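Shown below: my_file_21.pdb, with PDB, C-alpha atoms and all ligand atoms.
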```pdb
ATOM      1  CA  MET A   1      95.284  88.658 102.102
ATOM      2  CA  GLY A   2      96.896  89.923 105.282
ATOM      3  CA  SER A   3      96.395  93.607 105.878
ATOM      4  CA  LEU A   4      96.397  95.168 109.323
ATOM      5  CA  GLU A   5      95.081  98.454 110.601
ATOM      6  CA  LEU A   6      95.498  99.836 114.107
ATOM      7  CA  ARG A   7      93.386 102.806 115.089
ATOM      8  CA  ASN A   8      94.320 104.786 118.175
ATOM      9  CA  ILE A   9      95.370 101.759 120.235
ATOM     10  CA  ARG A  10      95.795 102.432 123.925
ATOM     11  CA  LYS A  11      96.769  99.947 126.582
ATOM     12  CA  SER A  12      97.211 100.451 130.307
ATOM     13  CA  PHE A  13      98.392  98.079 132.987
ATOM     14  CA  GLY A  14      96.864  99.540 136.146
ATOM     15  CA  ALA A  15      97.854 103.195 136.282
ATOM     16  CA  GLN A  16     100.657 102.778 133.731
ATOM     17  CA  GLU A  17      99.723 103.646 130.156
ATOM     18  CA  VAL A  18     102.027 101.552 127.966
ATOM     19  CA  LEU A  19     100.544 102.269 124.508
ATOM     20  CA  LYS A  20      99.458 105.869 124.036
ATOM     21  CA  GLY A  21      97.493 105.996 120.815
ATOM     22  CA  ILE A  22      99.062 103.861 118.086
ATOM     23  CA  ASP A  23      97.879 104.319 114.476
ATOM     24  CA  LEU A  24      99.304 102.076 111.775
ATOM     25  CA  GLN A  25      98.368 100.566 108.432
ATOM     26  CA  VAL A  26     100.189  97.510 107.122
ATOM     27  CA  LYS A  27      99.589  96.381 103.546
ATOM     28  CA  ASP A  28      99.154  92.799 102.449
ATOM     29  CA  GLY A  29     102.585  91.194 102.040
ATOM     30  CA  GLU A  30     104.529  93.917 103.820
ATOM     31  CA  PHE A  31     107.388  93.220 106.231
ATOM     32  CA  VAL A  32     107.063  95.734 109.046
ATOM     33  CA  ILE A  33     109.465  95.949 111.965
ATOM     34  CA  PHE A  34     108.834  97.524 115.374
ATOM     35  CA  VAL A  35     111.991  98.847 116.972
ATOM     36  CA  GLY A  36     112.531 100.801 120.166
ATOM     37  CA  PRO A  37     114.210 100.573 123.555
ATOM     38  CA  SER A  38     113.400  97.932 126.137
ATOM     39  CA  GLY A  39     110.082  98.636 127.856
ATOM     40  CA  CYS A  40     108.716 100.954 125.138
ATOM     41  CA  GLY A  41     105.730  98.679 124.457
ATOM     42  CA  LYS A  42     106.820  96.587 121.435
ATOM     43  CA  SER A  43     105.728  93.237 122.862
ATOM     44  CA  THR A  44     102.526  94.698 124.262
ATOM     45  CA  LEU A  45     101.654  96.061 120.816
ATOM     46  CA  LEU A  46     102.383  92.727 119.125
ATOM     47  CA  ARG A  47     100.401  90.836 121.772
ATOM     48  CA  SER A  48      97.522  93.254 121.291
ATOM     49  CA  ILE A  49      97.505  92.483 117.552
ATOM     50  CA  ALA A  50      97.565  88.758 118.394
ATOM     51  CA  GLY A  51      94.736  89.098 120.888
ATOM     52  CA  LEU A  52      96.937  87.935 123.764
ATOM     53  CA  GLU A  53      96.288  91.308 125.445
ATOM     54  CA  ASP A  54      92.964  93.153 125.509
ATOM     55  CA  VAL A  55      93.471  96.736 124.431
ATOM     56  CA  THR A  56      92.102  99.469 126.706
ATOM     57  CA  SER A  57      90.717 101.376 123.714
ATOM     58  CA  GLY A  58      91.095 101.610 119.973
ATOM     59  CA  THR A  59      90.442  99.230 117.092
ATOM     60  CA  VAL A  60      92.358  96.349 115.518
ATOM     61  CA  LEU A  61      91.371  95.416 111.946
ATOM     62  CA  ILE A  62      92.736  92.412 110.067
ATOM     63  CA  ASN A  63      91.766  92.293 106.386
ATOM     64  CA  GLY A  64      89.362  95.112 107.132
ATOM     65  CA  GLU A  65      87.529  93.094 109.757
ATOM     66  CA  ASP A  66      87.242  94.410 113.306
ATOM     67  CA  VAL A  67      88.940  91.774 115.495
ATOM     68  CA  THR A  68      89.453  94.006 118.549
ATOM     69  CA  VAL A  69      87.628  91.598 120.842
ATOM     70  CA  ALA A  70      88.153  88.397 118.821
ATOM     71  CA  PRO A  71      90.131  85.578 120.499
ATOM     72  CA  PRO A  72      93.616  84.816 119.093
ATOM     73  CA  ALA A  73      92.434  81.680 117.266
ATOM     74  CA  LYS A  74      89.948  83.744 115.235
ATOM     75  CA  ARG A  75      92.434  86.348 114.004
ATOM     76  CA  GLY A  76      94.301  84.407 111.318
ATOM     77  CA  ILE A  77      97.637  85.116 113.009
ATOM     78  CA  ALA A  78     100.550  82.959 114.108
ATOM     79  CA  MET A  79     103.161  84.191 116.550
ATOM     80  CA  VAL A  80     106.794  83.188 117.043
ATOM     81  CA  PHE A  81     108.272  83.970 120.454
ATOM     82  CA  GLN A  82     111.810  84.712 121.614
ATOM     83  CA  THR A  83     111.677  81.679 123.924
ATOM     84  CA  TYR A  84     110.229  79.351 121.207
ATOM     85  CA  ALA A  85     107.380  78.240 123.543
ATOM     86  CA  LEU A  86     107.486  74.623 122.350
ATOM     87  CA  TYR A  87     105.870  71.788 124.289
ATOM     88  CA  PRO A  88     108.759  69.859 125.910
ATOM     89  CA  HIS A  89     106.904  66.531 126.061
ATOM     90  CA  LEU A  90     105.950  66.520 122.361
ATOM     91  CA  SER A  91     108.081  65.571 119.364
ATOM     92  CA  VAL A  92     108.971  68.175 116.755
ATOM     93  CA  ARG A  93     106.295  66.768 114.488
ATOM     94  CA  ASP A  94     103.627  66.838 117.173
ATOM     95  CA  ASN A  95     104.616  70.379 118.181
ATOM     96  CA  MET A  96     103.935  71.468 114.608
ATOM     97  CA  ALA A  97     100.713  69.475 114.305
ATOM     98  CA  LEU A  98      99.121  70.238 117.676
ATOM     99  CA  GLY A  99      97.467  73.567 116.845
ATOM    100  CA  LEU A 100      95.931  72.126 113.673
ATOM    101  CA  LYS A 101      94.679  69.077 115.560
ATOM    102  CA  GLN A 102      93.087  71.317 118.179
ATOM    103  CA  ALA A 103      91.432  73.340 115.426
ATOM    104  CA  GLY A 104      89.865  70.136 114.058
ATOM    105  CA  THR A 105      91.875  70.098 110.815
ATOM    106  CA  PRO A 106      91.516  66.755 108.973
ATOM    107  CA  THR A 107      94.489  64.405 109.405
ATOM    108  CA  ASP A 108      95.362  64.361 105.681
ATOM    109  CA  GLU A 109      95.497  68.138 105.627
ATOM    110  CA  ILE A 110      97.656  68.206 108.779
ATOM    111  CA  ASN A 111     100.082  65.720 107.202
ATOM    112  CA  THR A 112     100.310  67.734 103.987
ATOM    113  CA  ARG A 113     100.957  71.011 105.765
ATOM    114  CA  VAL A 114     103.486  69.557 108.221
ATOM    115  CA  ALA A 115     105.333  67.903 105.329
ATOM    116  CA  ALA A 116     105.474  71.206 103.440
ATOM    117  CA  ALA A 117     106.793  73.118 106.471
ATOM    118  CA  THR A 118     109.300  70.322 107.198
ATOM    119  CA  GLU A 119     110.624  70.586 103.664
ATOM    120  CA  MET A 120     110.715  74.388 103.658
ATOM    121  CA  LEU A 121     112.686  74.531 106.923
ATOM    122  CA  SER A 122     114.779  71.355 106.410
ATOM    123  CA  LEU A 123     113.398  69.806 109.601
ATOM    124  CA  GLU A 124     113.189  66.213 108.334
ATOM    125  CA  PRO A 125     116.060  64.836 110.488
ATOM    126  CA  TYR A 126     114.514  66.210 113.682
ATOM    127  CA  LEU A 127     110.843  65.242 113.382
ATOM    128  CA  LYS A 128     110.962  62.550 116.077
ATOM    129  CA  ARG A 129     113.078  64.495 118.540
ATOM    130  CA  ARG A 130     111.861  66.417 121.561
ATOM    131  CA  PRO A 131     112.758  70.122 121.893
ATOM    132  CA  ALA A 132     115.395  69.340 124.568
ATOM    133  CA  GLU A 133     117.309  67.332 121.941
ATOM    134  CA  LEU A 134     117.622  70.336 119.613
ATOM    135  CA  SER A 135     119.909  73.356 119.454
ATOM    136  CA  GLY A 136     118.434  76.825 119.941
ATOM    137  CA  GLY A 137     118.461  77.478 116.223
ATOM    138  CA  GLN A 138     116.684  74.195 115.493
ATOM    139  CA  ARG A 139     114.074  74.952 118.159
ATOM    140  CA  GLN A 140     113.377  78.317 116.611
ATOM    141  CA  ARG A 141     112.996  76.673 113.178
ATOM    142  CA  VAL A 142     110.419  74.327 114.715
ATOM    143  CA  ALA A 143     108.579  77.314 116.207
ATOM    144  CA  ILE A 144     108.589  78.950 112.764
ATOM    145  CA  GLY A 145     107.357  75.660 111.279
ATOM    146  CA  ARG A 146     104.527  75.574 113.782
ATOM    147  CA  ALA A 147     103.537  79.064 112.645
ATOM    148  CA  LEU A 148     103.827  78.107 108.955
ATOM    149  CA  VAL A 149     101.467  75.128 109.128
ATOM    150  CA  ARG A 150      98.689  77.403 110.308
ATOM    151  CA  GLU A 151      98.912  79.308 107.006
ATOM    152  CA  PRO A 152      98.203  82.579 108.774
ATOM    153  CA  GLU A 153      97.283  85.896 107.196
ATOM    154  CA  LEU A 154      99.756  87.573 109.502
ATOM    155  CA  PHE A 155     103.002  86.318 111.000
ATOM    156  CA  LEU A 156     104.026  87.975 114.255
ATOM    157  CA  PHE A 157     107.605  87.600 115.510
ATOM    158  CA  ASP A 158     108.729  88.837 118.924
ATOM    159  CA  GLU A 159     112.544  89.078 118.964
ATOM    160  CA  PRO A 160     112.856  85.607 117.420
ATOM    161  CA  LEU A 161     116.652  85.723 117.148
ATOM    162  CA  SER A 162     117.541  87.148 120.555
ATOM    163  CA  ASN A 163     118.461  83.823 122.125
ATOM    164  CA  LEU A 164     120.632  82.663 119.227
ATOM    165  CA  ASP A 165     124.371  83.108 118.812
ATOM    166  CA  ALA A 166     125.679  85.481 116.145
ATOM    167  CA  ALA A 167     126.096  82.927 113.326
ATOM    168  CA  LEU A 168     122.668  81.394 113.867
ATOM    169  CA  ARG A 169     121.100  84.837 114.063
ATOM    170  CA  VAL A 170     122.308  85.614 110.567
ATOM    171  CA  GLN A 171     121.269  82.199 109.237
ATOM    172  CA  THR A 172     117.780  82.361 110.759
ATOM    173  CA  ARG A 173     117.319  85.955 109.620
ATOM    174  CA  VAL A 174     118.122  84.947 106.056
ATOM    175  CA  GLU A 175     115.663  82.069 106.369
ATOM    176  CA  ILE A 176     112.871  84.373 107.569
ATOM    177  CA  ALA A 177     113.569  86.743 104.664
ATOM    178  CA  ARG A 178     113.361  83.796 102.254
ATOM    179  CA  LEU A 179     110.050  82.665 103.751
ATOM    180  CA  HIS A 180     108.689  86.165 103.361
ATOM    181  CA  ARG A 181     109.607  86.149  99.672
ATOM    182  CA  GLN A 182     108.320  82.633  99.042
ATOM    183  CA  LEU A 183     105.021  83.001 100.883
ATOM    184  CA  GLY A 184     104.351  86.651 100.124
ATOM    185  CA  ALA A 185     102.905  86.743 103.640
ATOM    186  CA  THR A 186     102.527  89.792 105.845
ATOM    187  CA  MET A 187     105.079  89.813 108.641
ATOM    188  CA  ILE A 188     105.300  92.009 111.720
ATOM    189  CA  TYR A 189     108.507  91.628 113.596
ATOM    190  CA  VAL A 190     109.819  93.088 116.834
ATOM    191  CA  THR A 191     113.508  93.585 117.447
ATOM    192  CA  HIS A 192     115.859  95.947 119.192
ATOM    193  CA  ASP A 193     118.593  95.071 116.709
ATOM    194  CA  GLN A 194     119.187  97.771 114.097
ATOM    195  CA  VAL A 195     120.854  95.389 111.639
ATOM    196  CA  GLU A 196     117.844  93.077 111.673
ATOM    197  CA  ALA A 197     115.535  96.026 111.188
ATOM    198  CA  MET A 198     117.535  97.575 108.353
ATOM    199  CA  THR A 199     117.982  94.305 106.447
ATOM    200  CA  LEU A 200     114.509  92.756 106.804
ATOM    201  CA  ALA A 201     112.035  95.621 106.823
ATOM    202  CA  ASP A 202     109.974  97.171 104.068
ATOM    203  CA  ARG A 203     109.053  99.738 106.718
ATOM    204  CA  ILE A 204     110.285 100.356 110.225
ATOM    205  CA  VAL A 205     108.080 101.687 113.030
ATOM    206  CA  VAL A 206     110.153 103.429 115.703
ATOM    207  CA  LEU A 207     108.463 103.265 119.102
ATOM    208  CA  ASN A 208     109.415 105.173 122.205
ATOM    209  CA  GLY A 209     107.483 105.395 125.444
ATOM    210  CA  GLY A 210     104.296 103.996 123.911
ATOM    211  CA  VAL A 211     104.136 106.370 120.939
ATOM    212  CA  ILE A 212     105.345 106.114 117.344
ATOM    213  CA  GLU A 213     108.273 108.460 116.701
ATOM    214  CA  GLN A 214     108.468 107.734 112.971
ATOM    215  CA  ILE A 215     107.410 105.240 110.314
ATOM    216  CA  GLY A 216     109.377 104.811 107.107
ATOM    217  CA  SER A 217     111.538 102.618 104.925
ATOM    218  CA  PRO A 218     115.022 101.845 106.267
ATOM    219  CA  MET A 219     116.557 104.395 103.890
ATOM    220  CA  GLU A 220     114.001 107.081 104.772
ATOM    221  CA  LEU A 221     114.730 106.676 108.470
ATOM    222  CA  TYR A 222     118.450 106.603 107.857
ATOM    223  CA  ASN A 223     118.530 109.612 105.534
ATOM    224  CA  ARG A 224     115.754 111.689 107.085
ATOM    225  CA  PRO A 225     115.270 110.795 110.754
ATOM    226  CA  ALA A 226     112.407 112.821 112.233
ATOM    227  CA  ASN A 227     114.319 113.620 115.404
ATOM    228  CA  LEU A 228     117.428 112.860 117.419
ATOM    229  CA  PHE A 229     115.836 109.839 119.036
ATOM    230  CA  VAL A 230     115.278 108.158 115.657
ATOM    231  CA  ALA A 231     118.722 109.212 114.444
ATOM    232  CA  GLY A 232     120.308 107.712 117.556
ATOM    233  CA  PHE A 233     118.339 104.544 117.261
ATOM    234  CA  ILE A 234     118.873 103.937 113.566
ATOM    235  CA  GLY A 235     122.497 104.928 113.827
ATOM    236  CA  SER A 236     122.372 107.637 111.170
ATOM    237  CA  PRO A 237     124.716 110.614 111.328
ATOM    238  CA  GLN A 238     123.125 113.878 112.479
TER     239      GLN A 238
HETATM  240  P1  LIG B 301     109.164  95.913 125.147
HETATM  241  O1  LIG B 301     108.696  94.673 124.493
HETATM  242  O2  LIG B 301     109.270  97.087 124.240
HETATM  243  O3  LIG B 301     110.442  95.723 125.900
HETATM  244  P2  LIG B 301     106.787  95.576 126.797
HETATM  245  O4  LIG B 301     105.678  95.752 125.858
HETATM  246  O5  LIG B 301     107.144  94.186 127.195
HETATM  247  O6  LIG B 301     108.080  96.347 126.242
HETATM  248  O7  LIG B 301     106.483  96.378 128.115
HETATM  249  C1  LIG B 301     106.108  97.736 128.132
HETATM  250  C2  LIG B 301     105.801  98.145 129.549
HETATM  251  O8  LIG B 301     104.619  97.466 129.994
HETATM  252  C3  LIG B 301     106.880  97.800 130.554
HETATM  253  O9  LIG B 301     106.966  98.858 131.496
HETATM  254  C4  LIG B 301     106.377  96.546 131.202
HETATM  255  O10 LIG B 301     106.850  96.433 132.522
HETATM  256  C5  LIG B 301     104.862  96.763 131.193
HETATM  257  N1  LIG B 301     104.113  95.501 131.120
HETATM  258  C6  LIG B 301     104.157  94.617 130.100
HETATM  259  N2  LIG B 301     103.339  93.578 130.351
HETATM  260  C7  LIG B 301     102.772  93.809 131.561
HETATM  261  C8  LIG B 301     101.821  93.107 132.382
HETATM  262  N3  LIG B 301     101.281  91.956 131.983
HETATM  263  N4  LIG B 301     101.484  93.664 133.560
HETATM  264  C9  LIG B 301     102.006  94.843 133.955
HETATM  265  N5  LIG B 301     102.891  95.554 133.243
HETATM  266  C10 LIG B 301     103.269  95.057 132.062
HETATM  267 MG    MG B 302     109.513  92.753 124.358
END
```
Just give me the structure as structure tokens.
Ligand code: ADP
Ligand code: MG
Amino acid sequence: MGSLELRNIRKSFGAQEVLKGIDLQVKDGEFVIFVGPSGCGKSTLLRSIAGLEDVTSGTVLINGEDVTVAPPAKRGIAMVFQTYALYPHLSVRDNMALGLKQAGTPTDEINTRVAAATEMLSLEPYLKRRPAELSGGQRQRVAIGRALVREPELFLFDEPLSNLDAALRVQTRVEIARLHRQLGATMIYVTHDQVEAMTLADRIVVLNGGVIEQIGSPMELYNRPANLFVAGFIGSPQ
């Protein structure tokens, strides 16, 4: 289970309206990508789904349940950030375990889940290290591991590859695609990289200035862009 529905989501910061009425339905197990230029509201939309921003109006439903005013911990989501957001003073293992510990998960269960995530992401050699002793790619794997152990309904990724070099970007992208297949989990993923969007997405949501320009599969957007903006963004000939 991991469906999402957004109904007429609006979000303002002071006088600036950043999200101007977003409607979207994401099915259980779908991989949906938000693309759009810098400042168009991608992160704000993702943070609104996570509960890290309060929306100004509209409704957020996860698995059909209204979570619009629910705190992040009650939404069944896990988020992976561009900057990893790991705790520098904790080991890799403790970074992965911390959220579960805070949620009161029994120690046996924590150990089982951390072991499974460690195996899935090949993190065994790094468990005792601190984040500073890891490469960027390894840090991002730990951040993904920390999301995995929470067994969320919805994974949210905000430009998770942006700080990685080209080779690691490809490797980590392939790993995320594999996780999606293995877990069958719902994933919502922000990027401004067309290649990432075209290769990972079941459907792409093209945002511009706080509105959705078009929603469709990569091939639909490529073959039938709704307008010049989408065509320019997706890189299709028009
Ligand atoms: P994107 O992720 O697409 O680059 P953001 O969602 O981060 O865009 O930002 C959209 C707009 O909202 C930008 O103009 C940004 O300056 C503004 N914004 C984002 N967060 C805040 C905030 N906490 N306070 C004020 N303005 C914000
Ligand atoms: Mg952003």
Problem set entry | Expected selection from the PyMOL selection byres (((chain A and resi 193-205) around 6) and not hetatm), given as a list in words |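 Here the PyMOL selection byres (((chain A and resi 193-205) around 6) and not hetatm) matches Phe31, Val32, Ile33, Phe34, Thr191, His192, Val206, Ile215, Gly216, Ser217 and Pro218 of chain A.
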Exercise. Please, what distance in Å, to one decimal, runs between CA of His180 (chain A) and CA of Glu153 (chain A)?
Worked result: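 Here the two named atoms are 12.0 Å from each other.
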Problem set entry | Env. residues ligand LIG 301 (chain B) / 10 Å / only C-alpha atoms and all ligand atoms / as a ChimeraX atom specification | /A:11-19,34-48,53,158-159,190-192,207-210
For this session: In the coordinates of the file, take the point (96.1, 71.3, 116.0) and a cut-off of 6 Å; then, counting all atoms listed in the file, name each qualifying protein, DNA or RNA residue as a ChimeraX atom specification.
Result: /A:97-103
Given the file shown, enumerate the residues that the PyMOL selection byres (((chain A and resi 225) around 12) and not hetatm) captures and present them as an mmCIF file with C-alpha atoms, in the frame of the given file.
```
data_model
loop_
_atom_site.group_PDB
_atom_site.id
_atom_site.type_symbol
_atom_site.label_atom_id
_atom_site.label_comp_id
_atom_site.auth_asym_id
_atom_site.auth_seq_id
_atom_site.Cartn_x
_atom_site.Cartn_y
_atom_site.Cartn_z
ATOM 1 C CA ILE A 204 110.285 100.356 110.225
ATOM 2 C CA VAL A 205 108.080 101.687 113.030
ATOM 3 C CA VAL A 206 110.153 103.429 115.703
ATOM 4 C CA GLU A 213 108.273 108.460 116.701
ATOM 5 C CA GLN A 214 108.468 107.734 112.971
ATOM 6 C CA ILE A 215 107.410 105.240 110.314
ATOM 7 C CA GLY A 216 109.377 104.811 107.107
ATOM 8 C CA SER A 217 111.538 102.618 104.925
ATOM 9 C CA PRO A 218 115.022 101.845 106.267
ATOM 10 C CA MET A 219 116.557 104.395 103.890
ATOM 11 C CA GLU A 220 114.001 107.081 104.772
ATOM 12 C CA LEU A 221 114.730 106.676 108.470
ATOM 13 C CA TYR A 222 118.450 106.603 107.857
ATOM 14 C CA ASN A 223 118.530 109.612 105.534
ATOM 15 C CA ARG A 224 115.754 111.689 107.085
ATOM 16 C CA ALA A 226 112.407 112.821 112.233
ATOM 17 C CA ASN A 227 114.319 113.620 115.404
ATOM 18 C CA LEU A 228 117.428 112.860 117.419
ATOM 19 C CA PHE A 229 115.836 109.839 119.036
ATOM 20 C CA VAL A 230 115.278 108.158 115.657
ATOM 21 C CA ALA A 231 118.722 109.212 114.444
ATOM 22 C CA GLY A 232 120.308 107.712 117.556
ATOM 23 C CA PHE A 233 118.339 104.544 117.261
ATOM 24 C CA ILE A 234 118.873 103.937 113.566
ATOM 25 C CA GLY A 235 122.497 104.928 113.827
ATOM 26 C CA SER A 236 122.372 107.637 111.170
ATOM 27 C CA PRO A 237 124.716 110.614 111.328
ATOM 28 C CA GLN A 238 123.125 113.878 112.479
#
```
For this session: Using the chain letters and numbering of this document, enumerate as a ChimeraX atom specification the residues selected by the PyMOL selection byres (((chain A and resi 121) around 12) and not hetatm).
Result: /A:114-120,122-127,137-149,171-172,174-176,178-179
Problem set entry | Nearby residues (only C-alpha atoms) at most 9 Å from Leu61 (chain A), same-chain spacing under 4 positions excluded, as a PyMOL selection string | chain A and resi 3-7+49+65-68
Exercise. From the set A:Ser135, A:Tyr189, A:Pro72, A:Leu168, which residue has the shortest atom-to-atom contact distance to ligand MG 302 (chain B), counting only C-alpha atoms and all ligand atoms?
Worked result: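 Residue with the minimum atom-to-atom distance to ligand MG 302 (chain B): A:Tyr189.
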For this session: Rank nothing, just name the residue among A:Thr112, A:Thr107, A:Ser57, A:Ser162 nearest to ligand MG 302 (chain B), using all atoms listed in the file.
Result: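 Smallest distance to ligand MG 302 (chain B) is found for A:Ser162.
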Problem set entry | A:Val60, A:Pro160, A:Arg75, A:Tyr87 ranked by distance to Ile9 (chain A), top pick (using only C-alpha atoms) |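 Distance minimum relative to Ile9 (chain A) lands on A:Val60.
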Exercise. What is the CA of Pro131 (chain A)-CA of Asn111 (chain A) distance in Å, reported with one decimal?
Worked result: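 Value for the CA of Pro131 (chain A)-CA of Asn111 (chain A) distance: 19.9 Å.
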Exercise. Looking at all atoms listed in the file, which of A:Ile62, A:Val211, A:Ala132, A:Leu164 is the one that sits closest to Met1 (chain A)?
Worked result: A:Ile62
Exercise. Between CA of Gly76 (chain A) and CA of Asn63 (chain A), what is the distance, to one decimal in Å?
Worked result: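 Spanning CA of Gly76 (chain A) to CA of Asn63 (chain A) is a straight-line distance of 9.6 Å.
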For this session: Compare A:Gln25, A:Asn8, A:Gln82, A:Thr59 by their minimum atom-to-atom distance to Thr186 (chain A), counting only C-alpha atoms, and give me the closest one.
Result: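 For Thr186 (chain A), the nearest of the candidates is A:Gln25.
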Exercise. Which is closer to ligand MG 302 (chain B) than all the others in A:Arg181, A:Leu86, A:Phe81, A:Ala50, using all atoms listed in the file?
Worked result: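 The closest residue to ligand MG 302 (chain B) is A:Phe81.
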Let me know the centre plus edge lengths, in Å and rounded to one decimal, of a box with edges along x, y and z that contains all listed atoms of region 122-133 of chain A and is padded by 6 Å on every side, as AutoDock Vina command-line options.
```
--center_x 114.1 --center_y 67.0 --center_z 115.5 --size_x 18.5 --size_y 20.8 --size_z 30.2
```
